[in-house]
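Text of the file start22.txt, holding compact mmCIF, C-alpha atoms:
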# COMPACT_ATOMS: atom_id res chain seq x y z
CA MET A 284 0.00 0.00 0.00
CA THR A 285 1.38 3.41 -0.96
CA PRO A 286 0.75 6.63 1.03
CA GLN A 287 -1.58 7.84 -1.74
CA GLU A 288 -3.60 4.63 -1.65
CA LEU A 289 -3.90 4.90 2.11
CA GLU A 290 -5.07 8.53 1.93
CA THR A 291 -7.66 7.61 -0.73
CA LEU A 292 -9.05 4.77 1.37
CA HIS A 293 -8.97 6.94 4.49
CA ALA A 294 -10.88 9.71 2.71
CA TYR A 295 -13.41 7.14 1.41
CA HIS A 296 -13.77 5.73 4.92
CA ARG A 297 -14.51 9.21 6.25
CA ASN A 298 -16.86 9.94 3.33
CA GLN A 299 -14.68 12.82 2.16
CA LEU A 300 -14.32 11.92 -1.54
CA ASN A 301 -16.28 13.82 -4.15
CA ALA A 302 -18.80 11.96 -6.29
CA SER A 303 -16.51 11.14 -9.22
CA GLU A 304 -13.62 10.05 -6.96
CA ARG A 305 -16.00 7.85 -4.98
CA LEU A 306 -17.46 6.22 -8.13
CA ASN A 307 -13.99 5.65 -9.46
CA LEU A 308 -12.82 4.01 -6.24
CA GLU A 309 -15.97 1.88 -5.87
CA ASP A 310 -15.43 0.63 -9.42
CA LYS A 311 -11.88 -0.37 -8.51
CA LEU A 312 -13.09 -2.05 -5.32
CA ARG A 313 -15.54 -4.14 -7.36
CA ASN A 314 -13.17 -5.15 -10.16
CA ASP A 315 -9.57 -4.78 -9.08
CA PRO A 316 -8.26 -7.58 -6.81
CA HIS A 317 -5.36 -5.34 -5.66
CA TRP A 318 -7.76 -2.69 -4.38
CA GLN A 319 -10.04 -5.33 -2.91
CA GLN A 320 -7.12 -6.66 -0.89
CA LEU A 321 -6.13 -3.13 0.14
CA TRP A 322 -9.66 -2.34 1.30
CA SER A 323 -9.97 -5.63 3.16
CA ASN A 324 -6.70 -4.94 5.01
CA PHE A 325 -7.71 -1.34 5.70
CA GLN A 326 -11.03 -2.44 7.19
CA LEU A 327 -9.32 -5.05 9.33
CA LEU A 328 -6.87 -2.47 10.66
CA THR A 329 -9.50 0.21 11.34
CA THR A 330 -11.78 -2.30 13.08
CA GLY A 331 -8.90 -3.35 15.30
CA ILE A 332 -7.94 0.26 16.04
CA GLN A 333 -11.55 1.06 16.90
CA ALA A 334 -11.68 -1.96 19.21
CA THR A 335 -8.53 -0.61 20.89
CA GLY A 336 -10.18 2.80 21.30
CA GLN A 337 -13.27 1.18 22.78
CA SER A 338 -11.21 -0.84 25.19
CA ARG A 339 -9.43 2.37 26.22
CA VAL A 340 -12.81 3.99 26.96
CA ARG A 341 -13.90 0.96 28.97
CA GLN A 342 -10.68 1.15 30.97
CA GLU A 343 -11.28 4.84 31.65
CA ILE A 344 -14.81 4.07 32.81
CA GLN A 345 -13.56 1.31 35.09
CA SER A 346 -10.86 3.57 36.52
CA ALA A 347 -13.45 6.25 37.21
CA GLY A 348 -15.57 3.58 38.94
CA ILE A 349 -12.65 2.56 41.13
CA ARG A 350 -11.85 6.20 41.94
CA TYR A 351 -15.50 6.75 42.87
CA GLN A 352 -15.60 3.68 45.15
CA LEU A 353 -12.38 4.77 46.86
CA ARG A 354 -13.75 8.25 47.41
CA GLN A 355 -16.98 6.81 48.82
CA ARG A 356 -15.06 4.55 51.19
CA LYS A 357 -12.92 7.48 52.33
CA ARG A 358 -16.04 9.56 52.91
CA MET A 359 -17.73 6.77 54.88
CA ARG A 360 -14.62 6.31 57.00
CA ALA A 361 -14.52 10.04 57.74
CA LEU A 362 -18.22 9.98 58.57
CA ARG A 363 -17.79 7.04 60.93
CA TRP A 364 -14.88 8.77 62.66
CA SER A 365 -16.72 12.05 63.09
CA PHE A 366 -19.80 10.24 64.37
CA GLY A 367 -17.68 8.31 66.86
CA ILE A 368 -15.95 11.47 68.06
CA ALA A 369 -19.26 13.32 68.40
CA ALA A 370 -20.82 10.42 70.31
CA THR A 371 -17.82 10.19 72.64
CA LEU A 372 -17.91 13.93 73.28
CA ALA A 373 -21.64 13.86 73.97
CA LEU A 374 -21.25 10.93 76.36
CA GLY A 375 -18.35 12.68 78.09
CA LEU A 376 -20.40 15.83 78.51
CA VAL A 377 -23.35 13.90 79.98
CA ILE A 378 -21.21 11.90 82.38
CA GLY A 379 -19.05 14.90 83.32
CA GLY A 380 -22.15 17.05 83.80
CA SER A 381 -23.82 14.47 86.01
CA ILE A 382 -20.70 14.07 88.16
CA LEU A 383 -20.35 17.81 88.60
CA GLN A 384 -24.03 18.13 89.41
CA GLN A 385 -23.79 15.34 91.97
CA GLN A 386 -20.77 16.92 93.65
CA LYS A 387 -22.48 20.27 93.80
CA LEU A 388 -25.55 18.72 95.40
CA LEU A 389 -23.48 16.85 97.98
CA ARG A 390 -21.70 20.07 98.94
CA LEU A 391 -24.99 21.88 99.27
CA GLU A 392 -26.42 19.02 101.34
CA GLN A 393 -23.51 19.22 103.78
CA THR A 394 -23.96 22.97 104.06
CA TYR A 395 -27.68 22.98 104.61
CA HIS A 396 -28.16 19.76 106.59
CA GLN A 397 -27.14 21.00 110.01
CA ASP A 398 -30.66 21.65 111.31
CA ASP A 399 -31.56 17.93 111.49
CA GLN A 400 -29.91 17.37 114.83
CA LYS A 401 -31.85 20.26 116.36
CA LEU A 402 -35.13 18.70 115.25
CA LEU A 403 -34.23 15.35 116.82
CA ASN A 404 -33.24 16.94 120.12
CA GLN A 405 -36.44 18.95 120.32
CA GLU A 406 -38.55 15.83 119.78
CA LEU A 407 -36.60 13.84 122.36
CA ASP A 408 -36.98 16.60 124.93
CA ALA A 409 -40.69 16.69 124.34
CA LEU A 410 -41.11 12.94 124.79
CA GLU A 411 -38.89 12.69 127.83
CA MET A 412 -40.91 15.40 129.41
CA GLN A 413 -43.97 13.23 129.03
CA GLY A 414 -42.22 10.33 130.86
CA PHE A 415 -43.17 7.64 128.41
CA ALA A 416 -39.76 6.08 128.22
CA ARG A 417 -40.56 3.00 130.29
CA GLN A 418 -43.96 2.16 128.83
CA ASN A 419 -44.48 -0.35 126.05
CA THR A 420 -46.81 1.88 124.11
CA SER A 421 -46.42 3.42 120.72
CA ASP A 422 -44.98 6.55 122.25
CA SER A 423 -42.44 4.66 124.38
CA LEU A 424 -41.31 2.68 121.36
CA LEU A 425 -40.95 5.97 119.52
CA LEU A 426 -38.85 7.33 122.35
CA LYS A 427 -36.64 4.24 122.38
CA GLY A 428 -36.26 4.52 118.63
CA LEU A 429 -35.29 8.17 118.88
CA LEU A 430 -32.76 7.47 121.62
CA ALA A 431 -31.24 4.67 119.61
CA LEU A 432 -31.03 7.00 116.63
CA GLU A 433 -29.34 9.64 118.72
CA ASN A 434 -26.81 7.03 119.92
CA ARG A 435 -26.23 5.89 116.34
CA GLU A 436 -27.62 2.42 117.12
CA LEU A 437 -29.20 2.35 113.71
CA GLU A 438 -30.55 -1.19 113.58
CA ALA A 439 -32.26 -0.78 116.95
CA ALA A 440 -33.62 2.59 115.86
CA VAL A 441 -35.09 1.06 112.71
CA ASP A 442 -36.59 -1.77 114.76
CA PHE A 443 -38.26 0.50 117.36
CA LEU A 444 -39.47 3.03 114.82
CA SER A 445 -40.87 0.32 112.49
CA ARG A 446 -42.73 -1.22 115.39
CA THR A 447 -44.09 2.20 116.30
CA THR A 448 -45.43 2.80 112.82
CA ASN A 449 -46.85 -0.73 112.73
CA LEU A 450 -48.80 -0.19 115.97
CA LYS A 451 -50.50 2.91 114.68
CA SER A 452 -49.94 5.66 112.12
CA ASN A 453 -47.35 8.00 113.56
CA PRO A 454 -45.99 10.81 111.40
CA VAL A 455 -43.08 11.53 113.74
CA ALA A 456 -42.00 7.86 113.83
CA GLN A 457 -42.40 7.67 110.07
CA PHE A 458 -40.13 10.69 109.60
CA PHE A 459 -37.39 9.44 111.91
CA LEU A 460 -37.61 5.91 110.47
CA GLY A 461 -36.73 7.52 107.17
CA LYS A 462 -33.83 9.29 108.87
CA ALA A 463 -32.60 6.00 110.36
CA TYR A 464 -32.67 4.37 106.97
CA GLN A 465 -30.85 7.37 105.53
CA GLU A 466 -28.11 6.98 108.12
CA GLN A 467 -27.83 3.32 107.09
CA GLN A 468 -27.27 4.52 103.50
CA LYS A 469 -30.53 2.80 102.46
CA ASN A 470 -31.76 5.68 100.37
CA HIS A 471 -34.61 3.81 98.67
CA LEU A 472 -36.05 2.61 102.02
CA ALA A 473 -35.77 6.13 103.39
CA ILE A 474 -37.73 7.43 100.40
CA GLN A 475 -40.37 4.72 100.88
CA SER A 476 -40.74 5.66 104.53
CA TRP A 477 -41.05 9.39 103.88
CA LYS A 478 -43.54 8.79 101.10
CA LYS A 479 -45.81 7.04 103.65
CA THR A 480 -46.05 10.20 105.78
CA PRO A 481 -49.78 10.75 106.49
CA SER A 482 -51.41 13.82 105.00
CA ASP A 483 -52.68 14.99 108.40
CA SER A 484 -49.16 15.14 109.87
CA PRO A 485 -48.07 18.21 111.82
CA THR A 486 -46.76 20.99 109.61
CA TRP A 487 -43.15 20.67 110.80
CA VAL A 488 -43.19 16.91 109.96
CA LYS A 489 -44.60 17.58 106.51
CA GLN A 490 -42.04 20.29 105.87
CA ALA A 491 -39.12 18.28 107.25
CA THR A 492 -40.20 15.17 105.29
CA ARG A 493 -40.49 17.19 102.12
CA TYR A 494 -37.03 18.59 102.69
CA GLU A 495 -35.43 15.20 103.42
CA LEU A 496 -37.23 13.54 100.54
CA SER A 497 -35.86 16.18 98.17
CA TRP A 498 -32.28 15.43 99.28
CA ALA A 499 -32.87 11.70 98.93
CA TYR A 500 -34.10 12.24 95.37
CA ALA A 501 -31.18 14.52 94.63
CA LYS A 502 -28.73 11.72 95.38
CA ASN A 503 -30.01 9.74 92.41
CA TYR A 504 -29.14 11.38 89.08
CA TRP A 505 -32.31 10.10 87.38
CA GLN A 506 -34.55 11.50 90.14
CA GLN A 507 -33.04 14.96 90.36
CA LYS A 508 -35.98 16.46 88.52
CA ARG A 509 -38.24 15.41 91.39
CA ALA A 510 -35.84 16.97 93.88
CA LYS A 511 -35.82 20.24 91.99
CA LYS A 512 -39.61 20.21 91.86
CA ILE A 513 -39.80 19.92 95.65
CA TRP A 514 -37.16 22.64 96.13
CA ARG A 515 -39.20 24.97 93.98
CA GLU A 516 -42.26 24.19 96.13
CA ILE A 517 -40.29 24.95 99.29
CA ALA A 518 -38.88 28.14 97.78
CA GLN A 519 -42.42 29.34 97.10
CA ASP A 520 -43.81 28.29 100.50
CA ALA A 521 -43.62 31.27 102.87
CA THR A 522 -44.44 29.07 105.89
CA ASP A 523 -41.50 26.75 105.29
CA PRO A 524 -38.44 27.61 107.41
CA GLN A 525 -36.21 26.42 104.56
CA GLN A 526 -37.75 28.82 102.03
CA GLU A 527 -34.88 31.31 102.02
CA LEU A 528 -32.33 28.52 102.00
CA MET A 529 -33.97 26.90 98.98
CA ARG A 530 -34.14 30.20 97.14
CA GLN A 531 -30.43 30.70 97.61
CA MET A 532 -29.67 27.12 96.63
CA LEU A 533 -31.78 27.26 93.49
CA LYS A 534 -29.99 30.46 92.54
CA GLN A 535 -26.65 28.75 92.94
CA LEU A 536 -27.82 25.75 90.95
CA GLU A 537 -29.02 27.94 88.11
CA LYS A 538 -25.58 29.53 87.95
CA MET B 32 -26.05 24.01 31.18
CA GLN B 33 -22.59 25.37 30.42
CA LYS B 34 -21.15 22.88 32.87
CA GLU B 35 -23.09 20.05 31.24
CA SER B 36 -21.62 20.90 27.82
CA LYS B 37 -18.16 20.94 29.40
CA ILE B 38 -18.84 17.48 30.81
CA ILE B 39 -20.02 16.22 27.42
CA ASP B 40 -16.87 17.53 25.76
CA GLY B 41 -14.83 15.93 28.54
CA LEU B 42 -16.51 12.56 28.00
CA ARG B 43 -15.97 12.83 24.27
CA ASN B 44 -12.26 13.51 24.81
CA GLY B 45 -11.81 10.93 27.58
CA GLU B 46 -10.98 13.39 30.35
CA SER B 47 -10.98 12.02 33.90
CA PHE B 48 -12.83 14.92 35.51
CA ALA B 49 -15.85 14.25 33.29
CA PHE B 50 -15.99 10.56 34.21
CA ASP B 51 -15.67 11.48 37.89
CA TRP B 52 -18.44 14.04 37.60
CA VAL B 53 -20.75 11.50 35.94
CA TYR B 54 -20.09 8.95 38.67
CA GLN B 55 -20.60 11.57 41.35
CA HIS B 56 -23.93 12.79 39.99
CA CYS B 57 -25.55 9.85 38.20
CA PHE B 58 -24.35 6.60 39.74
CA THR B 59 -26.44 6.67 42.93
CA LYS B 60 -29.72 7.05 41.05
CA ALA B 61 -28.91 4.11 38.78
CA THR B 62 -27.84 1.99 41.77
CA VAL B 63 -31.06 2.73 43.61
CA TYR B 64 -33.09 1.68 40.58
CA ILE B 65 -31.25 -1.61 40.08
CA VAL B 66 -31.13 -2.53 43.76
CA GLN B 67 -34.84 -1.79 44.07
CA HIS B 68 -35.46 -4.11 41.14
CA ARG B 69 -33.80 -7.24 42.51
CA GLY B 70 -30.28 -6.39 41.39
CA SER B 71 -27.07 -6.27 43.41
CA SER B 72 -24.66 -3.37 43.77
CA GLN B 73 -22.27 -5.26 41.49
CA ASP B 74 -25.03 -5.40 38.83
CA ALA B 75 -25.53 -1.67 39.30
CA GLU B 76 -21.85 -1.01 38.66
CA ASP B 77 -21.75 -3.24 35.56
CA PHE B 78 -24.89 -1.79 34.03
CA PHE B 79 -23.89 1.79 34.82
CA GLN B 80 -20.53 1.24 33.11
CA GLU B 81 -22.30 -0.24 30.10
CA ALA B 82 -24.68 2.73 29.95
CA LEU B 83 -21.78 5.17 30.21
CA PHE B 84 -20.06 3.34 27.36
CA VAL B 85 -23.24 3.65 25.26
CA LEU B 86 -23.39 7.38 26.01
CA ILE B 87 -19.76 7.91 25.01
CA GLU B 88 -20.18 5.92 21.77
CA LYS B 89 -23.25 8.05 20.99
CA LEU B 90 -21.39 11.27 21.76
CA ARG B 91 -18.64 10.27 19.34
CA ASN B 92 -21.15 10.39 16.52
CA PRO B 93 -21.11 14.02 15.24
CA HIS B 94 -24.78 13.77 14.22
CA PHE B 95 -25.93 12.75 17.68
CA LYS B 96 -27.52 15.49 19.75
CA LEU B 97 -28.15 14.91 23.43
CA THR B 98 -31.57 16.45 24.14
CA SER B 99 -31.76 15.55 27.84
CA SER B 100 -29.25 15.85 30.67
CA CYS B 101 -26.51 13.25 31.01
CA ALA B 102 -28.09 11.96 34.21
CA THR B 103 -31.48 11.41 32.58
CA PHE B 104 -29.94 9.73 29.56
CA LEU B 105 -27.83 7.40 31.69
CA TYR B 106 -30.74 6.56 33.97
CA ALA B 107 -32.93 5.72 30.97
CA VAL B 108 -30.23 3.53 29.41
CA VAL B 109 -29.53 1.72 32.69
CA ARG B 110 -33.27 1.17 33.15
CA ASN B 111 -33.71 -0.22 29.62
CA LEU B 112 -30.64 -2.43 29.82
CA TRP B 113 -31.78 -3.80 33.16
CA LEU B 114 -35.33 -4.42 31.96
CA TYR B 115 -33.99 -6.20 28.88
CA HIS B 116 -31.65 -8.22 31.07
CA GLN B 117 -34.53 -9.16 33.40
CA ARG B 118 -36.82 -10.13 30.53
CA SER B 119 -34.19 -12.11 28.73
CA ALA B 120 -32.77 -13.97 31.72
CA GLY B 121 -32.92 -17.60 30.71
CA ARG B 122 -35.16 -16.99 27.68
CA ILE B 123 -33.04 -15.24 25.03
CA ILE B 124 -30.17 -17.61 25.51
CA SER B 125 -32.30 -20.61 24.68
CA THR B 126 -33.92 -18.74 21.78
CA GLU B 127 -30.51 -17.81 20.38
CA ALA B 128 -29.36 -21.38 20.67
CA GLU B 129 -32.53 -22.54 18.94
CA GLN B 130 -32.02 -19.96 16.18
CA MET B 131 -28.45 -21.09 15.65
CA LEU B 132 -29.55 -24.70 15.34
CA ARG B 133 -32.32 -23.76 12.91
CA LEU B 134 -29.86 -21.70 10.82
CA ALA B 135 -27.37 -24.54 10.85
CA GLU B 136 -30.07 -26.91 9.59
CA THR B 137 -31.31 -24.62 6.80
CA ALA B 138 -28.02 -23.06 5.64
CA GLY B 139 -26.09 -26.29 5.66
CA GLU B 140 -22.34 -25.98 5.08
CA ASP B 141 -22.55 -22.22 4.31
CA PHE B 142 -23.52 -21.58 7.88
CA TRP B 143 -20.39 -23.18 9.24
CA HIS B 144 -18.29 -21.34 6.66
CA LEU B 145 -19.80 -17.98 7.69
CA LEU B 146 -19.25 -18.86 11.31
CA GLU B 147 -15.60 -19.58 10.58
CA VAL B 148 -15.21 -16.27 8.69
CA ALA B 149 -16.77 -14.35 11.61
CA GLN B 150 -14.50 -16.16 14.03
CA GLU B 151 -11.45 -15.39 11.86
CA GLN B 152 -12.38 -11.70 11.71
CA GLU B 153 -12.74 -11.62 15.47
CA ASN B 154 -9.31 -13.20 15.89
CA GLN B 155 -7.70 -10.76 13.47
CA SER B 156 -9.29 -7.81 15.24
CA GLN B 157 -7.83 -9.10 18.52
CA ARG B 158 -4.43 -9.41 16.87
CA VAL B 159 -4.61 -5.78 15.75
CA THR B 160 -5.57 -4.73 19.27
CA SER B 161 -2.60 -6.51 20.81
CA ALA B 162 -0.31 -5.22 18.02
CA MET B 163 -1.41 -1.67 18.82
CA ASN B 164 0.16 -2.06 22.26
CA GLN B 165 3.51 -2.82 20.64
CA LEU B 166 3.55 0.45 18.70
CA SER B 167 5.28 3.55 20.01
CA GLY B 168 3.17 5.95 22.08
CA GLU B 169 3.05 8.50 19.27
CA CYS B 170 1.87 5.96 16.68
CA HIS B 171 -0.70 4.59 19.08
CA GLN B 172 -2.06 8.09 19.70
CA LEU B 173 -2.01 9.08 16.05
CA LEU B 174 -3.88 5.98 14.87
CA LEU B 175 -6.51 6.35 17.59
CA LEU B 176 -6.98 10.03 16.76
CA SER B 177 -7.30 9.21 13.05
CA PHE B 178 -9.43 6.08 13.07
CA TYR B 179 -11.21 6.02 16.45
CA ASP B 180 -11.69 9.65 17.42
CA ASN B 181 -12.20 10.58 13.72
CA LYS B 182 -10.24 13.81 14.08
CA ASN B 183 -9.23 15.54 10.86
CA ASP B 184 -5.58 16.27 10.06
CA ASP B 185 -5.76 19.87 11.26
CA GLU B 186 -7.04 18.80 14.65
CA ILE B 187 -4.45 16.03 14.92
CA ALA B 188 -1.69 18.47 13.94
CA GLN B 189 -2.81 20.79 16.71
CA ILE B 190 -2.99 18.02 19.31
CA MET B 191 0.33 16.39 18.40
CA THR B 192 2.14 19.57 17.39
CA TYR B 193 3.13 18.15 13.99
CA SER B 194 2.76 19.83 10.63
CA ARG B 195 -0.26 18.78 8.60
CA SER B 196 1.85 17.18 5.87
CA PHE B 197 3.88 15.20 8.42
CA ILE B 198 0.66 13.72 9.83
CA LYS B 199 0.03 11.92 6.52
CA VAL B 200 3.57 10.55 6.39
CA LYS B 201 3.53 9.52 10.03
CA ARG B 202 0.13 7.84 9.68
CA PHE B 203 1.38 5.83 6.72
CA ARG B 204 4.47 4.75 8.63
CA CYS B 205 2.49 3.77 11.71
CA LEU B 206 -0.03 1.75 9.72
CA SER B 207 2.80 0.02 7.86
CA LYS B 208 4.41 -0.81 11.18
CA LEU B 209 1.11 -2.17 12.49
CA LYS B 210 0.71 -4.33 9.38
CA GLU B 211 4.24 -5.55 9.81
CA ILE B 212 3.59 -6.60 13.41
CA ILE B 213 0.48 -8.59 12.48
CA GLY B 214 2.13 -9.94 9.36
CA LEU B 215 -0.29 -8.66 6.75

Will you turn the file into structure tokens for me?
Amino acid sequence: MTPQELETLHAYHRNQLNASERLNLEDKLRNDPHWQQLWSNFQLLTTGIQATGQSRVRQEIQSAGIRYQLRQRKRMRALRWSFGIAATLALGLVIGGSILQQQKLLRLEQTYHQDDQKLLNQELDALEMQGFARQNTSDSLLLKGLLALENRELEAAVDFLSRTTNLKSNPVAQFFLGKAYQEQQKNHLAIQSWKKTPSDSPTWVKQATRYELSWAYAKNYWQQKRAKKIWREIAQDATDPQQELMRQMLKQLEK
Amino acid sequence: MQKESKIIDGLRNGESFAFDWVYQHCFTKATVYIVQHRGSSQDAEDFFQEALFVLIEKLRNPHFKLTSSCATFLYAVVRNLWLYHQRSAGRIISTEAEQMLRLAETAGEDFWHLLEVAQEQENQSQRVTSAMNQLSGECHQLLLLSFYDNKNDDEIAQIMTYSRSFIKVKRFRCLSKLKEIIGL
């Protein structure tokens, strides 16, 4: 094949020959074995070259597919990492927040819990005055329970005070039974006891029970909402001796 | 719209950014369709690649005009290919086999001769393809530009920074070399 023959066939292939040139070539392709061979070879070569071009395109498409998958994987990995970091941070904040809150509450409890002893002493004085200590009545059991509590004999205190409340409904015994349980670190039993305080209890018992109950709730992170609810009640109750205290404490908490 | 025409030009010229863009913007939709219609993600990849190949082959035809967006075109092609694949699963193959047998019975020896010719052409085409890889980079590029990309000599001269007259000489030499490698 000469360069001229190649250019002629190439031009024919691309449909760039004029009418007479095309007719002339087509005549040769029909009748001339040399040109027939040339055309056959040309077609074979161009078909092969086109197949090469197509395979190149397919390779480019596949490479783009691989690049895309790699990018997607990278993106997913980044997403997983950022989600993990965010979750860890959130968990840290919740745990850290709850610990700080708990510590703050414990500090406040220590600060504001000094009046309990006064209450106990007042009640003991009152009962001793009545001389019921040696009798086996509800009141004498209450007195024994209160004495045991004062002497830190907690099991005996719980025993006497439980028996008192079992004999008949006694708001004072109920309150101090809760206190005894509290001293024993049995927070849930203390709460149960205070929750049983009768509605017709003396005002000081109701107020003291409410106060103690709020602190018991405050010790449990998941029950702190209840504690805050009671504190708000106390802060709004002008008759409650702890009103001012609660106001100050709520202020501090809100800080 | 301007961006879309840039992408189409990029696909036509085999530029990576265009392929990446197409994957980024059209692949998910096609995957969702195939996966929702009992296909796997591997099917989605295969059919999307086939559709992209169809689009590029269409774009190479100067008379073809893309009237929709690339994404719509690709989605439609993927959908049609998948539907055809679903319909033909198990059926076409047997029909083709039956047709071949019927042809073999009616055409007699001619059929086997034609089959041999087709097989021979396929083999020769594969020989040319492997011979292309033995050519120099310049020859490889020049032949692809001339016979696959259908660029005219002016365009090739601009791309390869040769003179127009040298293109003709170089093309002749490269084709002769290719013929020599395959032994034509």

Write out as a tab-separated table a residue-level contact list of chain A versus chain B with cut-off 10 Å: for each qualifying residue the closest pair of atoms and the distance in Å to one decimal, counting all atoms listed in the file, rows sorted by chain and residue number upward.
residue	atom	partner	partner_atom	distance
A:Met284	CA	B:Ser207	CA	8.3
A:Thr285	CA	B:Phe203	CA	8.1
A:Pro286	CA	B:Phe203	CA	5.8
A:Gln287	CA	B:Phe203	CA	9.2
A:Glu288	CA	B:Phe203	CA	9.8
A:Leu289	CA	B:Phe203	CA	7.1
A:Glu290	CA	B:Lys199	CA	7.7
A:His293	CA	B:Phe178	CA	8.6
A:His296	CA	B:Phe178	CA	9.2
A:Arg297	CA	B:Asn181	CA	7.9
A:Asn324	CA	B:Leu215	CA	7.6
A:Phe325	CA	B:Leu206	CA	9.2
A:Gln326	CA	B:Ser156	CA	9.8
A:Leu327	CA	B:Ser156	CA	6.5
A:Leu328	CA	B:Val159	CA	6.5
A:Thr329	CA	B:Phe178	CA	6.1
A:Thr330	CA	B:Ser156	CA	6.4
A:Gly331	CA	B:Ser156	CA	4.5
A:Ile332	CA	B:Thr160	CA	6.4
A:Gln333	CA	B:Tyr179	CA	5.0
A:Ala334	CA	B:Thr160	CA	6.7
A:Thr335	CA	B:Thr160	CA	5.3
A:Gly336	CA	B:Tyr179	CA	5.9
A:Gln337	CA	B:Tyr179	CA	8.2
A:Ser338	CA	B:Thr160	CA	9.1
A:Arg339	CA	B:Gly45	CA	9.0
A:Val340	CA	B:Gly45	CA	7.0
A:Arg341	CA	B:Phe84	CA	6.8
A:Glu343	CA	B:Gly45	CA	7.3
A:Ile344	CA	B:Gln80	CA	6.4
A:Gln345	CA	B:Gln80	CA	7.2
A:Ser346	CA	B:Ser47	CA	8.8
A:Ala347	CA	B:Asp51	CA	5.7
A:Gly348	CA	B:Tyr54	CA	7.0
A:Ile349	CA	B:Asp51	CA	10.0
A:Arg350	CA	B:Asp51	CA	7.7
A:Tyr351	CA	B:Tyr54	CA	6.6
A:Gln352	CA	B:Tyr54	CA	9.5
A:Arg354	CA	B:Gln55	CA	9.7
A:Gln355	CA	B:Gln55	CA	9.6

Problem set entry | Separation of atom CA of Leu353 of chain A from atom CA of Cys57 of chain B, in Å and rounded to one decimal |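 Rounded to one decimal, the two atoms are 16.6 Å apart.
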
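A straight line drawn from atom CA of Lys512 of chain A to atom CA of Ser452 of chain A is 27.0 Å long.
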
Exercise. When distances are computed from only C-alpha atoms, which of A:Ala439, A:Met359, A:Leu444, A:Leu533 shows the smallest separation from Glu516 of chain A?
Worked result: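 Result for the nearest residue to Glu516 of chain A: A:Leu533.
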
Exercise. For Ile65 of chain B, which residue among B:Ser100, B:Gln165, B:Gln117, B:Gln150 is the nearest when counting all atoms listed in the file?
Worked result: B:Gln117

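Between atom CA of Leu383 of chain A and atom CA of Gly461 of chain A the separation is 26.8 Å.
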